[in-house]
Amino acid sequence: MRLTTLSRRKAGVFGTLGLLILLLTFPLRAAGAASGGPSSGGPKPTIVLVHGGWADASSWDKVSRSLQDHGYTVIAPANPLRGGQYDSAYVSSVLETISGPIVLVGHSYGGVVTTNAATGNPNVKALVYIAAFAPDEGETVGQLLAMKPGSQAAPPNLTFRPYPGGVDVYITPSAFHSVFCADLPARTAAAMAATQRPIAAAALSGPSGVPAWKTIPSWYLVASNDKAIPPATERFMAQRAGATTVEIASSHVAMISHPTAVTDLIVDAARAVDRRSPLASADRLTSSYRSPLTHARRGR
């Protein structure tokens, strides 16, 4: 009896010690998982941000700074905006210079580019679409814009200017605020209209190739107040891609008007990449991160 009692006491002592060790080490392990430190099992992914038409890489400024504050390396290349095949080849060449995992993010037409540029690149571990096109093979931007009613990115709100070898498309400055960025101050919209980068008409009519979202996990942010891409079309593309989806009340430029929500979604994707790392499997239960985007849903 005495031995049994002593054994129980020892078991109780060791059990208490084990619980204390767990409680003491849990915050450190969780912090490591959240920061991409040693417990994450590998390097943090590089975040590549691809802008769309009528914008440039500076449209990612707020999101870039926030991601850098999270400890991520960020690259925001200049999308040529000359056509899907050309632009995708250019971004693909940028991706080939990056070692390690990549989270590839596209806004608007940038989604066409990322959908094609990521195909066949084993380093691209996640795709993130921010109010972006996610075309299937053979689809064009024009077809997707016409799929459901609601897009105001059409004549008479567009201005066409010929250049040697093609035609550039602008949003007419007087319509820029309402079509592109209605939730930004009018003065900001006026400056954006004046400095907008045009997109070649060929980019709107060229068929897309084999989509990377069929083999790479995807995340999608639907902008419910979008006047450029109909929100119903965004929801359709997100569901078709099987994307983890969030929806916010934003204009087309969510990365400017709602940079925190956009950053949160990208970080969600990046941390999912980290959790899928073979070396991170032992630490999955210690991750303490919970995204503020609690209404995320899986598309399929």
# chains A, B, ... in the order shown; residues from 1 in each chain; ligands from 1

call {"tool": "residues_around", "arguments": {"residues": "Ile130 in chain A", "least_positions_apart": "4", "cutoff": "7 Å", "atoms": "only C-alpha atoms", "output": "PDB file with C-alpha atoms, in the first residue's frame"}}
result
ATOM      1  CA  GLY A 106      -2.657  39.485 -57.806  1.00  0.00           C
ATOM      2  CA  HIS A 107      -5.051  42.423 -57.919  1.00  0.00           C
ATOM      3  CA  SER A 108      -7.571  42.915 -60.733  1.00  0.00           C
ATOM      4  CA  TYR A 220      -9.700  35.240 -52.482  1.00  0.00           C
ATOM      5  CA  LEU A 221     -10.870  38.620 -51.200  1.00  0.00           C
ATOM      6  CA  VAL A 222     -14.226  39.681 -52.661  1.00  0.00           C
TER       7      VAL A 222
END

call {"tool": "select_by_dssp", "arguments": {"residues": "range 29-261 of chain A", "states": "helix (DSSP H, G or I)", "output": "PyMOL selection string"}}
result
chain A and resi 29-35+38-40+57-69+84-95+110-117+141-147+173-180+186-195+201-205+212-214+231-240+254-257+259-261

call {"tool": "closest_atom_pairs", "arguments": {"of": "range 40-95 of chain A", "to": "range 241-255 of chain A", "cutoff": "12 Å", "atoms": "only C-alpha atoms", "output": "tab-separated table"}}
result
residue	atom	partner	partner_atom	distance
A:Leu49	CA	A:Met255	CA	10.5
A:Val50	CA	A:Met255	CA	11.5
A:His51	CA	A:Met255	CA	10.0
A:Gly52	CA	A:Val253	CA	10.0
A:Gly53	CA	A:Val253	CA	11.2
A:Trp54	CA	A:Val253	CA	10.7
A:Ala55	CA	A:Val253	CA	9.4
A:Asp56	CA	A:Val253	CA	11.7
A:Ala57	CA	A:Met255	CA	11.2
A:Ser58	CA	A:Met255	CA	10.5
A:Ser59	CA	A:Met255	CA	7.1
A:Trp60	CA	A:Met255	CA	6.4
A:Asp61	CA	A:Met255	CA	8.7
A:Lys62	CA	A:Met255	CA	7.5
A:Val63	CA	A:Met255	CA	6.5
A:Ser64	CA	A:Met255	CA	9.7
A:Arg65	CA	A:Met255	CA	11.7
A:Ser66	CA	A:Met255	CA	11.1

call {"tool": "residues_around", "arguments": {"residues": "range 149-160 of chain A", "least_positions_apart": "3", "cutoff": "6 Å", "atoms": "only C-alpha atoms", "output": "number ranges by chain"}}
result
A: 168-172, 175, 179, 227-230

call {"tool": "write_last_selection", "arguments": {"atoms": "N, CA and C atoms", "output": "short mmCIF file (atom, residue, chain, number, x, y, z; two decimals), in the first residue's frame"}}
result
data_model
loop_
_atom_site.label_atom_id
_atom_site.label_comp_id
_atom_site.auth_asym_id
_atom_site.auth_seq_id
_atom_site.Cartn_x
_atom_site.Cartn_y
_atom_site.Cartn_z
N ASP A 168 -4.05 51.59 -76.22
CA ASP A 168 -4.08 51.63 -74.76
C ASP A 168 -5.47 52.01 -74.27
N VAL A 169 -5.84 51.44 -73.13
CA VAL A 169 -7.14 51.71 -72.54
C VAL A 169 -6.95 52.37 -71.18
N TYR A 170 -7.60 53.51 -70.98
CA TYR A 170 -7.59 54.26 -69.73
C TYR A 170 -9.01 54.31 -69.18
N ILE A 171 -9.14 54.49 -67.88
CA ILE A 171 -10.43 54.90 -67.33
C ILE A 171 -10.52 56.40 -67.48
N THR A 172 -11.61 56.86 -68.07
CA THR A 172 -11.80 58.30 -68.25
C THR A 172 -11.72 58.99 -66.90
N ALA A 175 -14.64 59.58 -64.62
CA ALA A 175 -15.32 58.40 -64.09
C ALA A 175 -14.44 57.58 -63.15
N VAL A 179 -15.73 54.45 -60.63
CA VAL A 179 -15.49 53.12 -61.19
C VAL A 179 -14.44 52.35 -60.40
N LYS A 227 -17.01 48.22 -58.51
CA LYS A 227 -17.71 48.67 -59.71
C LYS A 227 -16.93 48.34 -60.97
N ALA A 228 -15.74 47.76 -60.81
CA ALA A 228 -14.95 47.37 -61.98
C ALA A 228 -15.22 45.91 -62.33
N ILE A 229 -15.01 45.00 -61.37
CA ILE A 229 -15.37 43.59 -61.55
C ILE A 229 -16.63 43.35 -60.72
N PRO A 230 -17.70 42.86 -61.29
CA PRO A 230 -18.91 42.61 -60.50
C PRO A 230 -18.62 41.66 -59.33
#

call {"tool": "atom_distance", "arguments": {"atom1": "CA of Arg197 in chain A", "atom2": "CA of Val210 in chain A"}}
result
26.9 Å

call {"tool": "decode", "arguments": {"residues": "range 126-260 of chain A", "atoms": "C-alpha atoms", "output": "PDB file, in the first residue's frame"}}
result
ATOM      1  CA  ALA A 126      -0.193  29.801 -52.545  1.00  0.00           C
ATOM      2  CA  LEU A 127      -2.172  32.148 -54.771  1.00  0.00           C
ATOM      3  CA  VAL A 128      -4.024  35.149 -53.355  1.00  0.00           C
ATOM      4  CA  TYR A 129      -6.573  37.071 -55.397  1.00  0.00           C
ATOM      5  CA  ILE A 130      -7.550  40.587 -54.295  1.00  0.00           C
ATOM      6  CA  ALA A 131     -10.702  41.569 -56.229  1.00  0.00           C
ATOM      7  CA  ALA A 132      -8.941  39.868 -59.111  1.00  0.00           C
ATOM      8  CA  PHE A 133      -9.630  37.842 -62.208  1.00  0.00           C
ATOM      9  CA  ALA A 134      -9.048  34.112 -61.771  1.00  0.00           C
ATOM     10  CA  PRO A 135      -9.690  32.866 -65.325  1.00  0.00           C
ATOM     11  CA  ASP A 136     -10.006  29.319 -66.499  1.00  0.00           C
ATOM     12  CA  GLU A 137      -8.246  28.116 -69.615  1.00  0.00           C
ATOM     13  CA  GLY A 138      -9.455  29.943 -72.716  1.00  0.00           C
ATOM     14  CA  GLU A 139     -11.327  32.704 -70.874  1.00  0.00           C
ATOM     15  CA  THR A 140     -10.677  36.381 -71.522  1.00  0.00           C
ATOM     16  CA  VAL A 141     -11.000  39.418 -69.279  1.00  0.00           C
ATOM     17  CA  GLY A 142     -13.741  40.720 -71.548  1.00  0.00           C
ATOM     18  CA  GLN A 143     -15.754  37.530 -71.157  1.00  0.00           C
ATOM     19  CA  LEU A 144     -15.448  37.600 -67.382  1.00  0.00           C
ATOM     20  CA  LEU A 145     -16.464  41.260 -67.217  1.00  0.00           C
ATOM     21  CA  ALA A 146     -19.578  40.494 -69.247  1.00  0.00           C
ATOM     22  CA  MET A 147     -20.440  37.308 -67.355  1.00  0.00           C
ATOM     23  CA  LYS A 148     -22.640  39.120 -64.840  1.00  0.00           C
ATOM     24  CA  PRO A 149     -24.042  42.665 -64.802  1.00  0.00           C
ATOM     25  CA  GLY A 150     -22.510  45.471 -62.808  1.00  0.00           C
ATOM     26  CA  SER A 151     -19.146  46.385 -64.326  1.00  0.00           C
ATOM     27  CA  GLN A 152     -18.707  50.073 -65.059  1.00  0.00           C
ATOM     28  CA  ALA A 153     -15.253  49.477 -66.592  1.00  0.00           C
ATOM     29  CA  ALA A 154     -16.726  49.828 -70.060  1.00  0.00           C
ATOM     30  CA  PRO A 155     -17.547  52.605 -72.546  1.00  0.00           C
ATOM     31  CA  PRO A 156     -18.317  55.432 -72.063  1.00  0.00           C
ATOM     32  CA  ASN A 157     -16.131  55.279 -68.946  1.00  0.00           C
ATOM     33  CA  LEU A 158     -13.075  54.206 -70.926  1.00  0.00           C
ATOM     34  CA  THR A 159     -10.746  56.250 -73.119  1.00  0.00           C
ATOM     35  CA  PHE A 160      -8.813  54.593 -75.977  1.00  0.00           C
ATOM     36  CA  ARG A 161      -5.464  55.957 -77.181  1.00  0.00           C
ATOM     37  CA  PRO A 162      -3.625  54.319 -80.088  1.00  0.00           C
ATOM     38  CA  TYR A 163       0.103  53.684 -79.815  1.00  0.00           C
ATOM     39  CA  PRO A 164       2.455  52.099 -82.379  1.00  0.00           C
ATOM     40  CA  GLY A 165       1.343  48.490 -82.545  1.00  0.00           C
ATOM     41  CA  GLY A 166      -1.805  48.661 -80.463  1.00  0.00           C
ATOM     42  CA  VAL A 167      -4.329  50.603 -78.402  1.00  0.00           C
ATOM     43  CA  ASP A 168      -4.078  51.627 -74.763  1.00  0.00           C
ATOM     44  CA  VAL A 169      -7.144  51.706 -72.537  1.00  0.00           C
ATOM     45  CA  TYR A 170      -7.591  54.256 -69.732  1.00  0.00           C
ATOM     46  CA  ILE A 171     -10.432  54.895 -67.332  1.00  0.00           C
ATOM     47  CA  THR A 172     -11.798  58.301 -68.255  1.00  0.00           C
ATOM     48  CA  PRO A 173     -10.649  60.648 -65.465  1.00  0.00           C
ATOM     49  CA  SER A 174     -14.151  61.968 -64.760  1.00  0.00           C
ATOM     50  CA  ALA A 175     -15.320  58.398 -64.089  1.00  0.00           C
ATOM     51  CA  PHE A 176     -12.208  57.133 -62.311  1.00  0.00           C
ATOM     52  CA  HIS A 177     -13.391  57.807 -58.757  1.00  0.00           C
ATOM     53  CA  SER A 178     -16.745  56.057 -59.080  1.00  0.00           C
ATOM     54  CA  VAL A 179     -15.494  53.121 -61.186  1.00  0.00           C
ATOM     55  CA  PHE A 180     -12.183  52.347 -59.539  1.00  0.00           C
ATOM     56  CA  CYS A 181     -11.900  53.720 -56.023  1.00  0.00           C
ATOM     57  CA  ALA A 182     -15.164  55.145 -54.704  1.00  0.00           C
ATOM     58  CA  ASP A 183     -14.136  54.642 -51.052  1.00  0.00           C
ATOM     59  CA  LEU A 184     -11.036  56.858 -51.374  1.00  0.00           C
ATOM     60  CA  PRO A 185     -11.033  60.659 -51.040  1.00  0.00           C
ATOM     61  CA  ALA A 186     -11.863  62.469 -54.274  1.00  0.00           C
ATOM     62  CA  ARG A 187      -8.503  64.258 -54.247  1.00  0.00           C
ATOM     63  CA  THR A 188      -6.657  60.939 -53.999  1.00  0.00           C
ATOM     64  CA  ALA A 189      -8.770  59.518 -56.818  1.00  0.00           C
ATOM     65  CA  ALA A 190      -7.979  62.525 -59.021  1.00  0.00           C
ATOM     66  CA  ALA A 191      -4.250  61.999 -58.525  1.00  0.00           C
ATOM     67  CA  MET A 192      -4.607  58.278 -59.274  1.00  0.00           C
ATOM     68  CA  ALA A 193      -6.572  59.067 -62.437  1.00  0.00           C
ATOM     69  CA  ALA A 194      -3.846  61.407 -63.638  1.00  0.00           C
ATOM     70  CA  THR A 195      -1.057  58.871 -63.032  1.00  0.00           C
ATOM     71  CA  GLN A 196      -2.888  55.674 -64.023  1.00  0.00           C
ATOM     72  CA  ARG A 197      -0.944  53.208 -66.142  1.00  0.00           C
ATOM     73  CA  PRO A 198      -2.998  52.186 -69.163  1.00  0.00           C
ATOM     74  CA  ILE A 199      -3.579  48.577 -70.085  1.00  0.00           C
ATOM     75  CA  ALA A 200      -3.280  47.403 -73.679  1.00  0.00           C
ATOM     76  CA  ALA A 201      -6.573  46.414 -75.271  1.00  0.00           C
ATOM     77  CA  ALA A 202      -4.902  43.121 -76.208  1.00  0.00           C
ATOM     78  CA  ALA A 203      -4.690  42.266 -72.506  1.00  0.00           C
ATOM     79  CA  LEU A 204      -8.474  42.346 -72.282  1.00  0.00           C
ATOM     80  CA  SER A 205      -9.074  40.016 -75.221  1.00  0.00           C
ATOM     81  CA  GLY A 206      -6.308  37.435 -75.002  1.00  0.00           C
ATOM     82  CA  PRO A 207      -7.296  33.908 -73.845  1.00  0.00           C
ATOM     83  CA  SER A 208      -5.847  32.657 -70.567  1.00  0.00           C
ATOM     84  CA  GLY A 209      -3.763  29.504 -70.304  1.00  0.00           C
ATOM     85  CA  VAL A 210      -3.864  26.529 -67.948  1.00  0.00           C
ATOM     86  CA  PRO A 211      -4.770  28.017 -64.547  1.00  0.00           C
ATOM     87  CA  ALA A 212      -2.418  27.521 -61.611  1.00  0.00           C
ATOM     88  CA  TRP A 213      -5.355  27.591 -59.169  1.00  0.00           C
ATOM     89  CA  LYS A 214      -6.253  24.066 -60.256  1.00  0.00           C
ATOM     90  CA  THR A 215      -3.133  22.749 -58.509  1.00  0.00           C
ATOM     91  CA  ILE A 216      -2.105  25.484 -56.036  1.00  0.00           C
ATOM     92  CA  PRO A 217      -4.158  26.407 -52.940  1.00  0.00           C
ATOM     93  CA  SER A 218      -5.891  29.766 -53.339  1.00  0.00           C
ATOM     94  CA  TRP A 219      -7.284  32.587 -51.211  1.00  0.00           C
ATOM     95  CA  TYR A 220      -9.700  35.240 -52.482  1.00  0.00           C
ATOM     96  CA  LEU A 221     -10.870  38.620 -51.200  1.00  0.00           C
ATOM     97  CA  VAL A 222     -14.226  39.681 -52.661  1.00  0.00           C
ATOM     98  CA  ALA A 223     -14.848  43.435 -52.732  1.00  0.00           C
ATOM     99  CA  SER A 224     -18.612  43.721 -52.336  1.00  0.00           C
ATOM    100  CA  ASN A 225     -18.740  47.354 -53.535  1.00  0.00           C
ATOM    101  CA  ASP A 226     -16.581  46.767 -56.609  1.00  0.00           C
ATOM    102  CA  LYS A 227     -17.712  48.671 -59.708  1.00  0.00           C
ATOM    103  CA  ALA A 228     -14.950  47.365 -61.975  1.00  0.00           C
ATOM    104  CA  ILE A 229     -15.372  43.594 -61.554  1.00  0.00           C
ATOM    105  CA  PRO A 230     -18.908  42.613 -60.504  1.00  0.00           C
ATOM    106  CA  PRO A 231     -18.816  41.115 -56.983  1.00  0.00           C
ATOM    107  CA  ALA A 232     -20.983  38.235 -58.219  1.00  0.00           C
ATOM    108  CA  THR A 233     -18.272  37.371 -60.732  1.00  0.00           C
ATOM    109  CA  GLU A 234     -15.634  37.551 -58.014  1.00  0.00           C
ATOM    110  CA  ARG A 235     -17.646  35.127 -55.877  1.00  0.00           C
ATOM    111  CA  PHE A 236     -18.046  32.789 -58.840  1.00  0.00           C
ATOM    112  CA  MET A 237     -14.311  32.758 -59.592  1.00  0.00           C
ATOM    113  CA  ALA A 238     -13.424  32.260 -55.927  1.00  0.00           C
ATOM    114  CA  GLN A 239     -15.786  29.318 -55.577  1.00  0.00           C
ATOM    115  CA  ARG A 240     -14.616  27.754 -58.829  1.00  0.00           C
ATOM    116  CA  ALA A 241     -11.003  27.969 -57.688  1.00  0.00           C
ATOM    117  CA  GLY A 242     -11.884  26.364 -54.362  1.00  0.00           C
ATOM    118  CA  ALA A 243     -10.436  29.439 -52.664  1.00  0.00           C
ATOM    119  CA  THR A 244     -10.562  30.306 -49.004  1.00  0.00           C
ATOM    120  CA  THR A 245     -12.719  33.395 -49.354  1.00  0.00           C
ATOM    121  CA  VAL A 246     -13.366  36.551 -47.372  1.00  0.00           C
ATOM    122  CA  GLU A 247     -15.660  39.402 -48.339  1.00  0.00           C
ATOM    123  CA  ILE A 248     -15.414  43.028 -47.278  1.00  0.00           C
ATOM    124  CA  ALA A 249     -17.289  46.211 -48.163  1.00  0.00           C
ATOM    125  CA  SER A 250     -14.667  47.737 -50.422  1.00  0.00           C
ATOM    126  CA  SER A 251     -14.220  49.326 -53.799  1.00  0.00           C
ATOM    127  CA  HIS A 252     -11.991  47.698 -56.412  1.00  0.00           C
ATOM    128  CA  VAL A 253      -8.803  48.915 -54.685  1.00  0.00           C
ATOM    129  CA  ALA A 254      -9.112  47.042 -51.391  1.00  0.00           C
ATOM    130  CA  MET A 255      -5.326  47.007 -50.949  1.00  0.00           C
ATOM    131  CA  ILE A 256      -5.435  50.811 -50.674  1.00  0.00           C
ATOM    132  CA  SER A 257      -8.711  51.396 -48.835  1.00  0.00           C
ATOM    133  CA  HIS A 258      -8.546  48.281 -46.603  1.00  0.00           C
ATOM    134  CA  PRO A 259      -4.861  47.342 -46.352  1.00  0.00           C
ATOM    135  CA  THR A 260      -5.264  45.566 -43.005  1.00  0.00           C
TER     136      THR A 260
END
